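Enquirer: See protein-v6.csv below, with CSV, C-alpha atoms.
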```csv
chain,number,residue,atom,x,y,z
A,275,MET,CA,-237.3,32.2,-75.4
A,276,GLN,CA,-239.1,35.1,-73.7
A,277,ARG,CA,-241.0,32.6,-71.5
A,278,TYR,CA,-237.7,30.9,-70.6
A,279,GLU,CA,-236.1,34.2,-69.7
A,280,LYS,CA,-239.1,35.3,-67.6
A,281,ASN,CA,-239.2,32.0,-65.7
A,282,SER,CA,-235.5,32.2,-65.1
A,283,ILE,CA,-235.7,35.7,-63.7
A,284,ILE,CA,-238.6,34.6,-61.4
A,285,GLY,CA,-236.7,31.6,-60.3
A,286,TYR,CA,-233.6,33.6,-59.6
A,287,CYS,CA,-235.6,36.2,-57.5
A,288,LEU,CA,-237.1,33.4,-55.5
A,289,LEU,CA,-233.7,31.9,-54.8
A,290,VAL,CA,-232.4,35.3,-53.7
A,291,ILE,CA,-235.4,35.7,-51.3
A,292,VAL,CA,-234.8,32.3,-49.8
A,293,TYR,CA,-231.1,33.1,-49.4
A,294,LEU,CA,-231.7,36.4,-47.8
A,295,CYS,CA,-234.2,35.0,-45.3
A,296,THR,CA,-232.2,32.0,-44.2
A,297,MET,CA,-230.0,33.8,-41.7
A,298,ILE,CA,-228.5,34.0,-38.3
A,299,PHE,CA,-228.6,37.4,-36.5
A,300,TYR,CA,-225.8,37.8,-34.1
A,301,PHE,CA,-224.1,40.3,-31.8
A,302,SER,CA,-220.7,40.0,-30.2
A,303,GLY,CA,-218.4,42.3,-28.3
A,304,THR,CA,-215.3,40.2,-27.6
A,305,GLY,CA,-215.7,37.4,-30.2
A,306,ASN,CA,-217.2,34.6,-28.1
A,307,THR,CA,-220.7,34.9,-29.7
A,308,LYS,CA,-219.3,35.6,-33.2
A,309,TRP,CA,-217.4,32.3,-33.0
A,310,VAL,CA,-220.6,30.4,-32.0
A,311,ALA,CA,-222.5,32.1,-34.8
A,312,GLU,CA,-219.8,31.2,-37.3
A,313,GLN,CA,-219.9,27.6,-36.3
A,314,LEU,CA,-223.7,27.5,-36.8
A,315,ALA,CA,-223.5,29.3,-40.1
A,316,HIS,CA,-220.8,26.8,-41.4
A,317,ALA,CA,-222.9,23.8,-40.3
A,318,THR,CA,-226.2,25.0,-41.6
A,319,GLY,CA,-225.2,27.1,-44.6
A,320,GLU,CA,-227.1,30.1,-43.3
A,321,GLU,CA,-226.1,33.6,-43.8
A,322,LEU,CA,-224.6,35.6,-40.9
A,323,ARG,CA,-226.1,39.0,-40.2
A,324,TYR,CA,-224.4,41.4,-37.7
A,325,ILE,CA,-227.1,43.1,-35.8
A,326,PRO,CA,-225.4,46.5,-35.5
A,327,ASP,CA,-225.1,46.6,-39.3
A,328,GLU,CA,-228.7,45.7,-39.7
A,329,LEU,CA,-229.7,48.5,-37.5
A,330,ARG,CA,-227.5,50.9,-39.5
A,331,LYS,CA,-229.3,49.9,-42.7
A,332,GLY,CA,-232.7,50.5,-41.2
A,333,GLU,CA,-234.4,47.9,-43.5
A,334,LEU,CA,-235.7,45.7,-40.8
A,335,ARG,CA,-238.2,43.5,-42.6
A,336,TYR,CA,-237.6,39.8,-43.0
A,337,THR,CA,-239.7,37.1,-44.6
A,338,LEU,CA,-239.4,33.5,-43.6
A,339,GLN,CA,-240.1,31.0,-46.4
A,340,GLU,CA,-241.5,27.5,-45.8
A,341,GLY,CA,-239.1,25.3,-43.8
A,342,GLU,CA,-236.5,28.0,-43.2
A,343,ARG,CA,-234.6,28.4,-40.0
A,344,LEU,CA,-234.0,31.7,-38.2
A,345,GLY,CA,-231.3,32.0,-35.6
A,346,PHE,CA,-230.3,34.6,-32.9
A,347,CYS,CA,-226.9,34.5,-31.2
A,348,PHE,CA,-226.0,37.0,-28.5
A,349,PRO,CA,-223.9,37.3,-25.3
A,350,THR,CA,-225.7,37.5,-21.9
A,351,HIS,CA,-225.3,40.9,-20.4
A,352,GLY,CA,-226.1,41.1,-16.7
A,353,TRP,CA,-228.1,37.9,-17.1
A,354,GLN,CA,-230.3,39.5,-19.8
A,355,PRO,CA,-230.2,39.8,-23.6
A,356,PRO,CA,-228.1,42.9,-24.5
A,357,ARG,CA,-230.1,46.1,-25.1
A,358,ILE,CA,-229.0,46.3,-28.8
A,359,VAL,CA,-230.4,42.8,-29.4
A,360,ARG,CA,-233.8,43.7,-27.8
A,361,ASP,CA,-233.8,47.0,-29.8
A,362,PHE,CA,-233.2,45.1,-33.0
A,363,ILE,CA,-236.1,42.7,-32.4
A,364,SER,CA,-238.4,45.5,-31.3
A,365,LYS,CA,-237.7,47.5,-34.5
A,366,SER,CA,-237.9,44.5,-36.9
A,367,THR,CA,-240.8,42.9,-38.7
A,368,PHE,CA,-240.7,39.2,-39.2
A,369,LEU,CA,-243.1,37.5,-41.5
A,370,ALA,CA,-242.9,33.9,-40.3
A,371,HIS,CA,-244.1,30.7,-42.0
A,372,PRO,CA,-245.8,28.1,-39.8
A,373,SER,CA,-243.1,25.6,-40.6
A,374,SER,CA,-240.2,28.0,-39.8
A,375,PHE,CA,-237.7,26.9,-37.1
A,376,VAL,CA,-236.5,29.6,-34.7
A,377,TYR,CA,-233.6,29.1,-32.4
A,378,ALA,CA,-231.4,31.1,-30.1
A,379,ALA,CA,-228.0,30.6,-28.5
A,380,THR,CA,-226.4,32.8,-25.8
A,381,THR,CA,-222.9,32.8,-24.5
A,382,CYS,CA,-222.2,33.5,-20.8
A,383,GLY,CA,-219.3,33.4,-18.4
A,384,ASP,CA,-220.9,30.8,-16.0
A,385,ASN,CA,-224.7,31.0,-16.3
A,386,MET,CA,-227.3,33.1,-18.0
A,387,GLY,CA,-230.3,33.2,-15.6
A,388,HIS,CA,-233.6,33.8,-17.3
A,389,ALA,CA,-232.1,35.6,-20.4
A,390,MET,CA,-233.9,33.3,-22.8
A,391,ARG,CA,-237.2,33.9,-21.0
A,392,ILE,CA,-236.8,37.6,-21.7
A,393,LEU,CA,-235.8,36.9,-25.3
A,394,ASN,CA,-238.9,34.9,-25.9
A,395,LYS,CA,-241.0,37.7,-24.5
A,396,GLU,CA,-239.5,40.0,-27.1
A,397,LEU,CA,-240.0,37.4,-29.9
A,398,LYS,CA,-243.6,36.9,-28.9
A,399,GLN,CA,-244.3,40.5,-29.6
A,400,LYS,CA,-243.2,39.7,-33.2
A,401,GLY,CA,-245.2,36.5,-33.5
A,402,LEU,CA,-242.2,34.3,-33.0
A,403,HIS,CA,-241.1,31.7,-30.4
A,404,ALA,CA,-237.8,30.0,-30.1
A,405,ASP,CA,-238.2,26.3,-30.7
A,406,ALA,CA,-234.7,25.6,-29.4
A,407,THR,CA,-232.6,27.6,-26.9
A,408,PHE,CA,-229.0,27.0,-25.9
A,409,ALA,CA,-226.4,28.4,-23.6
A,410,VAL,CA,-222.7,28.1,-24.2
A,411,VAL,CA,-220.3,28.8,-21.4
A,412,MET,CA,-217.3,30.8,-22.6
A,413,PRO,CA,-214.5,32.8,-21.0
A,414,GLU,CA,-215.6,35.7,-18.8
A,415,SER,CA,-215.4,39.2,-20.3
A,416,ASN,CA,-217.4,41.3,-17.8
A,417,VAL,CA,-215.3,43.7,-15.8
A,418,CYS,CA,-218.2,45.9,-14.5
A,419,PHE,CA,-218.9,44.0,-11.3
A,420,SER,CA,-216.4,43.8,-8.4
A,421,PHE,CA,-217.3,40.2,-7.8
A,422,LEU,CA,-216.6,39.1,-11.4
A,423,HIS,CA,-213.1,38.4,-12.6
A,424,LEU,CA,-211.7,37.3,-15.9
A,425,ASP,CA,-210.7,33.7,-16.2
A,426,THR,CA,-207.2,32.5,-15.9
A,427,PRO,CA,-205.5,31.3,-19.2
A,428,GLU,CA,-206.0,27.7,-18.0
A,429,ARG,CA,-209.7,28.3,-17.3
A,430,GLU,CA,-210.1,30.0,-20.7
A,431,GLN,CA,-208.6,27.0,-22.5
A,432,LYS,CA,-210.9,24.6,-20.6
A,433,LYS,CA,-214.0,26.6,-21.3
A,434,ILE,CA,-213.2,26.9,-25.0
A,435,ALA,CA,-212.5,23.2,-25.3
A,436,GLU,CA,-215.8,22.3,-23.6
A,437,ALA,CA,-217.6,24.9,-25.8
A,438,LYS,CA,-216.4,23.2,-28.9
A,439,VAL,CA,-218.1,20.1,-27.9
A,440,THR,CA,-221.3,22.0,-26.9
A,441,VAL,CA,-221.5,24.0,-30.1
A,442,ALA,CA,-220.9,20.9,-32.3
A,443,HIS,CA,-223.9,19.3,-30.5
A,444,ILE,CA,-226.0,22.5,-31.0
A,445,CYS,CA,-225.2,22.5,-34.7
A,446,GLU,CA,-226.6,19.0,-35.0
A,447,VAL,CA,-229.7,19.8,-33.1
A,448,VAL,CA,-230.4,22.9,-35.2
A,449,LYS,CA,-229.7,21.1,-38.5
A,450,ASN,CA,-232.2,18.5,-37.5
A,451,ARG,CA,-234.7,21.1,-36.4
A,452,GLN,CA,-235.2,19.5,-33.0
A,453,ASN,CA,-237.0,21.3,-30.2
A,454,ALA,CA,-234.6,21.8,-27.2
A,455,GLU,CA,-234.0,23.8,-24.1
A,456,GLU,CA,-230.3,23.4,-23.1
A,457,LEU,CA,-229.6,26.2,-20.7
A,458,VAL,CA,-227.3,27.0,-17.8
A,459,LYS,CA,-229.6,29.1,-15.6
A,460,GLY,CA,-227.6,28.9,-12.4
A,461,ALA,CA,-228.7,28.3,-8.8
A,462,ILE,CA,-230.8,31.4,-8.5
A,463,PRO,CA,-231.8,32.5,-12.0
A,464,TYR,CA,-234.6,34.9,-10.9
A,465,THR,CA,-232.3,36.8,-8.6
A,466,TYR,CA,-229.5,36.8,-11.3
A,467,THR,CA,-231.8,38.2,-14.0
A,468,TYR,CA,-234.3,40.4,-12.2
A,469,VAL,CA,-232.5,41.6,-9.1
A,470,ILE,CA,-228.7,41.7,-9.9
A,471,GLY,CA,-229.3,41.9,-13.6
A,472,GLY,CA,-232.0,44.5,-13.1
A,473,TYR,CA,-229.6,46.7,-11.3
A,474,TYR,CA,-226.9,46.1,-13.9
A,475,ASN,CA,-229.1,46.9,-16.8
A,476,LYS,CA,-230.5,50.0,-15.2
A,477,HIS,CA,-227.4,51.5,-13.8
A,478,LEU,CA,-224.4,50.1,-15.6
A,479,ILE,CA,-225.5,50.1,-19.3
A,480,THR,CA,-223.8,53.5,-19.8
A,481,ASP,CA,-220.6,55.0,-21.3
A,482,LYS,CA,-220.2,57.3,-18.3
A,483,HIS,CA,-217.8,54.9,-16.6
A,484,PHE,CA,-215.3,54.6,-19.4
A,485,TRP,CA,-212.1,56.7,-19.4
A,486,VAL,CA,-208.8,56.9,-21.3
A,487,ASP,CA,-205.3,56.9,-20.0
A,488,GLU,CA,-204.0,59.4,-22.6
A,489,THR,CA,-200.4,58.6,-21.8
A,490,ALA,CA,-201.0,55.0,-23.0
A,491,CYS,CA,-203.4,55.8,-25.9
A,492,ILE,CA,-201.7,55.5,-29.3
A,493,GLN,CA,-204.7,57.1,-31.0
A,494,CYS,CA,-205.2,54.2,-33.4
A,495,GLY,CA,-209.0,54.7,-33.5
A,496,LEU,CA,-209.7,50.9,-33.1
A,497,CYS,CA,-212.1,51.6,-30.2
A,498,ALA,CA,-214.3,53.7,-32.4
A,499,LYS,CA,-214.1,51.2,-35.2
A,500,VAL,CA,-215.3,48.3,-33.1
A,501,CYS,CA,-218.0,50.2,-31.3
A,502,PRO,CA,-221.3,48.7,-32.5
A,503,VAL,CA,-223.4,51.8,-31.8
A,504,ASP,CA,-220.9,54.5,-33.1
A,505,ASP,CA,-220.7,56.0,-29.6
A,506,ILE,CA,-217.0,57.0,-29.8
A,507,GLU,CA,-215.5,59.9,-31.6
A,508,GLY,CA,-212.2,61.9,-31.7
A,509,LEU,CA,-208.6,61.2,-30.8
A,510,PRO,CA,-208.0,60.5,-28.1
A,511,PRO,CA,-211.4,58.8,-27.9
A,512,ARG,CA,-214.5,60.5,-26.4
A,513,TRP,CA,-217.8,58.8,-25.6
A,514,LYS,CA,-220.9,60.7,-26.8
A,515,HIS,CA,-223.0,60.1,-23.6
A,516,ASP,CA,-226.1,60.0,-25.8
A,517,GLY,CA,-227.6,56.9,-24.3
A,518,SER,CA,-226.6,54.6,-27.2
A,519,CYS,CA,-224.0,52.5,-25.3
A,520,THR,CA,-224.9,48.9,-24.9
A,521,ASN,CA,-222.0,48.2,-22.6
A,522,CYS,CA,-220.5,45.4,-24.7
A,523,LEU,CA,-217.0,46.4,-23.6
A,524,ALA,CA,-215.7,46.0,-27.2
A,525,CYS,CA,-213.7,49.2,-26.9
A,526,TYR,CA,-212.2,48.2,-23.6
A,527,HIS,CA,-211.1,44.7,-24.6
A,528,HIS,CA,-209.9,45.6,-28.1
A,529,CYS,CA,-207.6,48.4,-27.1
A,530,PRO,CA,-204.1,47.3,-28.0
A,531,LYS,CA,-202.5,49.3,-25.2
A,532,HIS,CA,-205.2,48.7,-22.6
A,533,ALA,CA,-205.6,52.5,-22.4
A,534,ILE,CA,-209.3,52.3,-21.9
A,535,HIS,CA,-210.6,51.6,-18.5
A,536,TRP,CA,-214.0,51.2,-16.9
A,537,GLY,CA,-214.6,52.7,-13.4
A,538,THR,CA,-211.9,52.6,-10.8
A,539,MET,CA,-211.1,48.9,-10.9
A,540,LYS,CA,-208.0,47.8,-12.8
A,541,ARG,CA,-208.9,44.6,-14.7
A,542,GLY,CA,-207.4,42.6,-17.5
A,543,GLN,CA,-208.6,42.2,-21.1
A,544,TYR,CA,-210.1,39.3,-23.0
A,545,LEU,CA,-210.7,38.6,-26.7
A,546,PHE,CA,-211.7,35.2,-28.1
A,547,HIS,CA,-208.8,33.2,-29.7
A,548,GLU,CA,-209.6,29.7,-30.8
A,549,GLN,CA,-207.4,27.2,-29.0
```
Represent the supplied structure as structure tokens.

Expert:
Amino acid sequence: MQRYEKNSIIGYCLLVIVYLCTMIFYFSGTGNTKWVAEQLAHATGEELRYIPDELRKGELRYTLQEGERLGFCFPTHGWQPPRIVRDFISKSTFLAHPSSFVYAATTCGDNMGHAMRILNKELKQKGLHADATFAVVMPESNVCFSFLHLDTPEREQKKIAEAKVTVAHICEVVKNRQNAEELVKGAIPYTYTYVIGGYYNKHLITDKHFWVDETACIQCGLCAKVCPVDDIEGLPPRWKHDGSCTNCLACYHHCPKHAIHWGTMKRGQYLFHEQ
């Protein structure tokens, strides 16, 4: 009886370890990437892990068992992986198995430049390499560049309809552990990522351009709740200006009264809604 109980406990612990290590790490500001990650989790049975929550825990050590998959899902910010995603990888320890299958999917408004090249450089520092990389074109949410505009409702619907087909295909590739590189780099990916994106990530990843129309603000606190780096406090909201902002625009797009603005340009809002 004691041997049975001991073996049962050991077996249970092993199952828990396998469960905890078969996971998809994701980050999402407006819901595009969350939806992609959810589709992958449903198709593969893998556990979703929200990167900001992982960083808050501070326990960033992950062991991959034989044959397990490890996924990363993130939006492209300025044709590069978001700062918060790069910070998470930098601070984490991954104990990989030679048979582990690593993959990554990024969402983008039209193209993602060399974002996956940068991601793989970050993974290489941790002894990992993405066996399969994907890009999923989704509705635009960036309001920080004068030449970028949110999509029309018709364009949103078209992109989401096409994304459903793309993501279903990605799920099959991942389930079958197939090597792949299915990206949408754009016509001038180097310029997008290292010139325009370099400027964006150096100068526009900041909370200093956000401001609140206090006549419209209803002081609901939703902006602080959705902020992935806890950069917002008080009512009406105030940004801490402590360098933590990852410029995901979650506060901007989630505001129910569109009381939060970025810079001087007046732009619309976008949140993912499955068609």

Enquirer: If you count all atoms listed in the file, which residues fall within 8 Å of Asn394 (chain A), apart from same-chain ones fewer than 6 positions away, as a list in words?

Expert: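 The residues that qualify are Leu402, His403 and Ala404 of chain A.
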
Enquirer: Out of A:Lys433, A:His535, A:Lys398, A:Lys476, which residue has the shortest atom-to-atom distance to Pro356 (chain A) when counting only C-alpha atoms?

Expert: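 Comparing A:Lys433, A:His535, A:Lys398, A:Lys476 against Pro356 (chain A), the winner is A:Lys476.
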
Enquirer: Please, what distance in Å, to one decimal, runs between CA of Val447 (chain A) and CA of Thr304 (chain A)?

Expert: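 Computing the Euclidean distance for CA of Val447 (chain A) and CA of Thr304 (chain A) yields 25.6 Å.
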
Enquirer: Which residue out of A:Val410, A:Ile363, A:Leu545, A:Ile534 has the minimum interatomic distance to Trp513 (chain A) when all atoms listed in the file are used?

Expert: A:Ile534

Enquirer: Counting all atoms listed in the file, figure out which residue out of A:Ile462, A:Val503, A:Arg512, A:His443 gets nearest to His483 (chain A).

Expert: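 Of all the options, A:Arg512 lies closest to His483 (chain A).
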
Enquirer: Which of these, A:Cys347, A:Cys418, A:Ile470, A:Ile444, has the shortest distance to Gly542 (chain A) once you count only C-alpha atoms?

Expert: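 Ranked by minimum distance to Gly542 (chain A), first place goes to A:Cys418.
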
Enquirer: Using all atoms listed in the file, can you tell me which of A:Leu496, A:Ala378, A:Val486, A:Leu523 comes closest to Ile392 (chain A)?

Expert: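 Ranking A:Leu496, A:Ala378, A:Val486, A:Leu523 by distance to Ile392 (chain A), first place goes to A:Ala378.
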
Enquirer: For region 524-527 of chain A, find every residue with an atom within 10 Å (counting only C-alpha atoms), except residues of its own chain fewer than 5 positions away, and show them as number ranges by chain.

Expert: A: 302-305, 415-417, 484-486, 495-502, 506, 511, 532-536, 542-545

Enquirer: Tell me which of A:Lys331, A:Lys459, A:Asn453, A:Lys438 sits closest to Met390 (chain A), counting only C-alpha atoms.

Expert: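 The shortest atom-to-atom distance to Met390 (chain A) comes from A:Lys459.
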
Enquirer: Can you list, as a PDB file with C-alpha atoms, in the coordinates of the input, every protein, DNA or RNA residue that comes within 7 Å of Lys531 (chain A) when you count only C-alpha atoms, leaving out same-chain residues fewer than 2 positions away?

Expert:
```pdb
ATOM      1  CA  ALA A 490    -201.000  55.000 -23.000  1.00  0.00           C
ATOM      2  CA  CYS A 491    -203.400  55.800 -25.900  1.00  0.00           C
ATOM      3  CA  CYS A 529    -207.600  48.400 -27.100  1.00  0.00           C
ATOM      4  CA  ALA A 533    -205.600  52.500 -22.400  1.00  0.00           C
TER       5      ALA A 533
END
```

Enquirer: What is the CA of Asn450 (chain A) to CA of Phe408 (chain A) distance in Å?

Expert: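 Between CA of Asn450 (chain A) and CA of Phe408 (chain A) the gap is 14.7 Å.
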
Enquirer: So how far away is CA of Pro326 (chain A) from CA of Leu344 (chain A), in Å?

Expert: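 Going from CA of Leu344 (chain A) over to CA of Pro326 (chain A), I get 17.3 Å.
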
Enquirer: Just want the 12 Å neighbourhood of Tyr466 (chain A), counted on all atoms listed in the file, with same-chain residues fewer than 3 positions away dropped. Output as a list of chain:residue names.

Expert: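 So the residues in contact are A:Thr350, A:His351, A:Gly352, A:Trp353, A:Gln354, A:Asp384, A:Asn385, A:Met386, A:Gly387, A:His388, A:Ala389, A:Val458, A:Lys459, A:Gly460, A:Ala461, A:Ile462, A:Pro463, A:Val469, A:Ile470, A:Gly471, A:Gly472, A:Tyr473, A:Tyr474, A:Asn475.
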
Enquirer: Using all atoms listed in the file, collect all residues at a distance of at most 9 Å from (-223.9, 26.4, -34.2) as written in the file, then present them as an mmCIF file with C-alpha atoms, in the frame of the given file.

Expert:
```cif
data_model
loop_
_atom_site.group_PDB
_atom_site.id
_atom_site.type_symbol
_atom_site.label_atom_id
_atom_site.label_comp_id
_atom_site.auth_asym_id
_atom_site.auth_seq_id
_atom_site.Cartn_x
_atom_site.Cartn_y
_atom_site.Cartn_z
ATOM 1 C CA TRP A 309 -217.400 32.300 -33.000
ATOM 2 C CA VAL A 310 -220.600 30.400 -32.000
ATOM 3 C CA ALA A 311 -222.500 32.100 -34.800
ATOM 4 C CA GLU A 312 -219.800 31.200 -37.300
ATOM 5 C CA GLN A 313 -219.900 27.600 -36.300
ATOM 6 C CA LEU A 314 -223.700 27.500 -36.800
ATOM 7 C CA ALA A 315 -223.500 29.300 -40.100
ATOM 8 C CA HIS A 316 -220.800 26.800 -41.400
ATOM 9 C CA ALA A 317 -222.900 23.800 -40.300
ATOM 10 C CA THR A 318 -226.200 25.000 -41.600
ATOM 11 C CA ALA A 379 -228.000 30.600 -28.500
ATOM 12 C CA THR A 440 -221.300 22.000 -26.900
ATOM 13 C CA VAL A 441 -221.500 24.000 -30.100
ATOM 14 C CA ALA A 442 -220.900 20.900 -32.300
ATOM 15 C CA HIS A 443 -223.900 19.300 -30.500
ATOM 16 C CA ILE A 444 -226.000 22.500 -31.000
ATOM 17 C CA CYS A 445 -225.200 22.500 -34.700
ATOM 18 C CA GLU A 446 -226.600 19.000 -35.000
ATOM 19 C CA VAL A 447 -229.700 19.800 -33.100
ATOM 20 C CA VAL A 448 -230.400 22.900 -35.200
ATOM 21 C CA LYS A 449 -229.700 21.100 -38.500
#
```
